[in-house]
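Data block below; observations after.
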Amino acid sequence: MICTLSLSAQNLWLGAEGQKFYDELIIRKALEGESANYEGSPYLTEEFTEATIVSSENQVFKNVPLRYNVYNDLFEVQLDEGIFNLKPGGTVSKVNIQGHNFIYATYDYQSVEGEGYLELVIEGQYTLFKQHRIIFKEAEPAQPYQEAKPAMFQVRDPLFYVAYGDNQPVFIRNKKSLQDMAGARERALNNFIKDNRLKIRNEDDMVKVVEFLNEL
C-alpha cells in the first residue's frame with residue numbers, strides 16, 4: 001500500500017514539494033547547517049508512526065509512516081524521496097494514527113466557518129470532537145532582572161466541538177453552547193452538569209456530557 005501511495009504522491013497526495021515544517025515566523029531546522037534554537041515541538045509525536053489513511057473516495061492505505069504537525073494542522077509522510085506534507089481535505093479525509101482518529105471537516109467556531117483536522121472522541125447522535133492546539137512564541141531578548149527566553153512551541157488546552165446528527169461541528173465555548181444544542185433536553189442536561197459538577201473545558205467531563213445526551 002505504501003508503494004501505491006508513493007506512485008501517486010507527486011500529483012495526488014502531496015502538498016508543497018519537499019518538506020515545509022513551519023511558516024516564515026519559525027527558524028528552519030538544519031538550514032545550511034544551522035540549527036534552530038527553540039524549545040518544545042510542533043508535533044503530536046515527533047517520531048513517524050505507521051498509520052491508516054482513508055481518501056475522499058474511500059481508498060484505504062495502511063502502514064503509512066506519518067506524524068501530525070499540530071502547529072500547521074498537517075500530516076507529514078516519510079517516503080523514499082524525503083518527507084512531504086499530505087494534501088488535506090478532499091484527498092486525505094481520515095487518518096488513524098496511534099489510536100487517534102482524525103477527520104478533515106468544516107466547523108463552526110464562534111459563528112465563523114473554519115476547516116481542519118478534528119479528532120473523533122465519541123460518535124453518536126451527538127458526536128464529540130477534539131481540536132489539538134500548539135502555538136509558537138518568538139524568542140524574547142534579555143531584560144533587566146529577566147533572562148532571555150528562546151523561541152518555543154507550547155501545547156495549549158484542546159478545543160471541543162459537538163455535532164448533532166449530520167450538522168456541522170460547533171465549538172463548545174461554554175455551557176450555553178451545549179444548551180443551544182440540547183433543545184428539549186436542556187433541563188435534563190443542566191441538572192446533569194450541576195449534579196456532577198462537570199466542567200466544559202475538561203475532556204473527561206465532556207465525554208460524560210455527550211454520552212448523557214446520547215442516552216436521552
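Residues are named by chain letter and number: chains run A, B, ... in the order of the C-alpha cells, numbers start at 1 in each chain, and ligands are numbered from 1 in the order shown.
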Alpha helix (DSSP H) per DSSP on the backbone: members of region 10-188 of chain A, as a ChimeraX atom specification: /A:175-182,186-188
Surrounding residues of Arg133 (chain A) excluding itself and chain neighbours under 3 positions, 9 Å, only C-alpha atoms, as a ChimeraX atom specification: /A:70-71,73,154-159
Let's have the selection written as a JSON list (two decimals), in the first residue's frame, with N, CA and C atoms.
```
[["chain", "number", "residue", "atom", "x", "y", "z"],
["A", 70, "VAL", "N", 0.80, 19.49, 14.56],
["A", 70, "VAL", "CA", -0.36, 20.17, 15.14],
["A", 70, "VAL", "C", -0.31, 21.66, 14.83],
["A", 71, "TYR", "N", 0.88, 22.25, 14.91],
["A", 71, "TYR", "CA", 1.01, 23.69, 14.71],
["A", 71, "TYR", "C", 0.49, 24.10, 13.33],
["A", 73, "ASP", "N", -1.34, 22.03, 11.41],
["A", 73, "ASP", "CA", -2.52, 21.23, 11.12],
["A", 73, "ASP", "C", -2.35, 20.45, 9.82],
["A", 154, "GLN", "N", 4.38, 25.75, 22.40],
["A", 154, "GLN", "CA", 3.67, 25.48, 23.64],
["A", 154, "GLN", "C", 2.35, 24.76, 23.34],
["A", 155, "VAL", "N", 2.12, 23.67, 24.08],
["A", 155, "VAL", "CA", 0.86, 22.95, 23.96],
["A", 155, "VAL", "C", -0.22, 23.69, 24.72],
["A", 156, "ARG", "N", -1.32, 23.95, 24.08],
["A", 156, "ARG", "CA", -2.46, 24.60, 24.72],
["A", 156, "ARG", "C", -3.59, 23.59, 24.92],
["A", 157, "ASP", "N", -4.50, 23.91, 25.81],
["A", 157, "ASP", "CA", -5.64, 23.04, 26.03],
["A", 157, "ASP", "C", -6.42, 22.86, 24.73],
["A", 158, "PRO", "N", -6.91, 21.67, 24.47],
["A", 158, "PRO", "CA", -7.67, 21.45, 23.23],
["A", 158, "PRO", "C", -9.01, 22.17, 23.27],
["A", 159, "LEU", "N", -9.58, 22.35, 22.09],
["A", 159, "LEU", "CA", -10.94, 22.89, 21.97],
["A", 159, "LEU", "C", -11.87, 21.74, 21.66]]
```
Taking the DSSP assignment computed from this structure's backbone, write out as a short mmCIF file (atom, residue, chain, number, x, y, z; two decimals) with C-alpha atoms, in the first residue's frame all residues of chain A that belong to strand (DSSP E).
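Result saved to result_28.cif:
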```cif
data_model
loop_
_atom_site.label_atom_id
_atom_site.label_comp_id
_atom_site.auth_asym_id
_atom_site.auth_seq_id
_atom_site.Cartn_x
_atom_site.Cartn_y
_atom_site.Cartn_z
CA TYR A 38 13.71 26.60 20.09
CA GLU A 39 12.07 24.50 22.79
CA THR A 49 4.29 6.07 13.15
CA GLU A 50 2.50 3.59 10.91
CA ALA A 51 -0.96 4.99 10.22
CA THR A 52 -4.03 4.32 8.09
CA ILE A 53 -5.23 6.91 5.57
CA VAL A 54 -8.72 7.00 4.03
CA SER A 55 -9.20 9.12 0.92
CA VAL A 60 -7.64 2.78 2.32
CA PHE A 61 -3.83 2.95 2.66
CA LYS A 62 -2.33 1.07 5.60
CA ASN A 63 1.05 1.17 7.34
CA VAL A 64 1.88 4.66 6.04
CA PRO A 65 4.65 6.37 8.09
CA LEU A 66 3.04 9.60 9.32
CA ARG A 67 3.31 12.23 12.01
CA TYR A 68 0.89 15.05 12.82
CA ASN A 69 2.17 18.62 12.76
CA LEU A 74 -0.89 18.96 8.53
CA PHE A 75 0.15 15.34 8.33
CA GLU A 76 3.68 14.62 7.12
CA VAL A 77 4.59 11.39 5.34
CA GLN A 78 8.02 9.81 5.12
CA LEU A 79 8.78 8.42 1.65
CA GLY A 82 12.05 12.52 1.55
CA ILE A 83 9.43 13.97 3.88
CA PHE A 84 6.33 15.63 2.47
CA ASN A 85 3.13 17.31 3.61
CA VAL A 92 -6.88 12.89 2.83
CA SER A 93 -10.22 12.81 4.63
CA LYS A 94 -9.49 10.44 7.53
CA VAL A 95 -6.35 9.43 9.40
CA ASN A 96 -5.94 6.85 12.16
CA ILE A 97 -2.63 7.21 13.98
CA HIS A 100 -6.23 8.84 17.36
CA ASN A 101 -8.95 9.09 14.70
CA PHE A 102 -8.80 12.35 12.75
CA ILE A 103 -11.25 13.61 10.15
CA TYR A 104 -10.96 16.67 7.94
CA ALA A 105 -14.05 18.80 8.46
CA THR A 106 -15.53 22.25 8.25
CA TYR A 107 -16.71 23.51 11.62
CA ASP A 108 -18.38 26.46 13.30
CA TYR A 109 -16.00 28.42 15.51
CA VAL A 112 -17.01 31.73 11.77
CA GLU A 113 -16.51 28.73 9.50
CA GLY A 114 -13.17 27.01 9.84
CA GLU A 115 -11.72 23.83 8.41
CA GLY A 116 -9.06 21.40 9.51
CA TYR A 117 -8.42 18.13 11.31
CA LEU A 118 -10.56 17.26 14.32
CA GLU A 119 -10.06 14.16 16.44
CA LEU A 120 -13.14 11.99 16.81
CA VAL A 121 -13.74 11.26 20.51
CA ILE A 122 -17.33 9.93 20.67
CA TYR A 126 -24.25 13.76 19.34
CA THR A 127 -20.62 13.46 18.23
CA LEU A 128 -17.73 14.88 20.22
CA PHE A 129 -14.57 16.18 18.53
CA LYS A 130 -11.30 17.50 19.93
CA GLN A 131 -9.05 20.06 18.24
CA HIS A 132 -5.40 19.82 19.27
CA ARG A 133 -3.53 23.11 19.66
CA ILE A 134 0.14 24.10 19.70
CA ILE A 135 1.26 27.73 19.43
CA PHE A 136 4.66 29.25 18.64
CA LYS A 137 6.14 32.00 20.81
CA ALA A 151 11.56 30.60 20.87
CA MET A 152 9.25 27.78 21.84
CA PHE A 153 6.27 25.68 20.90
CA GLN A 154 3.67 25.48 23.64
CA VAL A 155 0.86 22.95 23.96
CA ARG A 156 -2.46 24.60 24.72
CA ASP A 157 -5.64 23.04 26.03
CA PRO A 158 -7.67 21.45 23.23
CA LEU A 159 -10.94 22.89 21.97
CA PHE A 160 -14.07 20.76 21.91
CA TYR A 161 -16.74 20.63 19.22
CA VAL A 162 -20.07 18.82 19.16
CA ALA A 163 -22.09 17.89 16.09
CA TYR A 164 -25.76 16.92 16.20
CA VAL A 170 -19.91 23.56 16.69
CA PHE A 171 -17.30 24.93 19.09
#
```
Spatial neighbours of Phe212 (chain A), 10 Å, only C-alpha atoms, chain gap at least 6 places, as a ChimeraX atom specification: /A:126,188-189,192-193,206
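The two atoms in question, CA of Gln125 (chain A) and CA of Gly165 (chain A), are spaced 5.1 Å apart.
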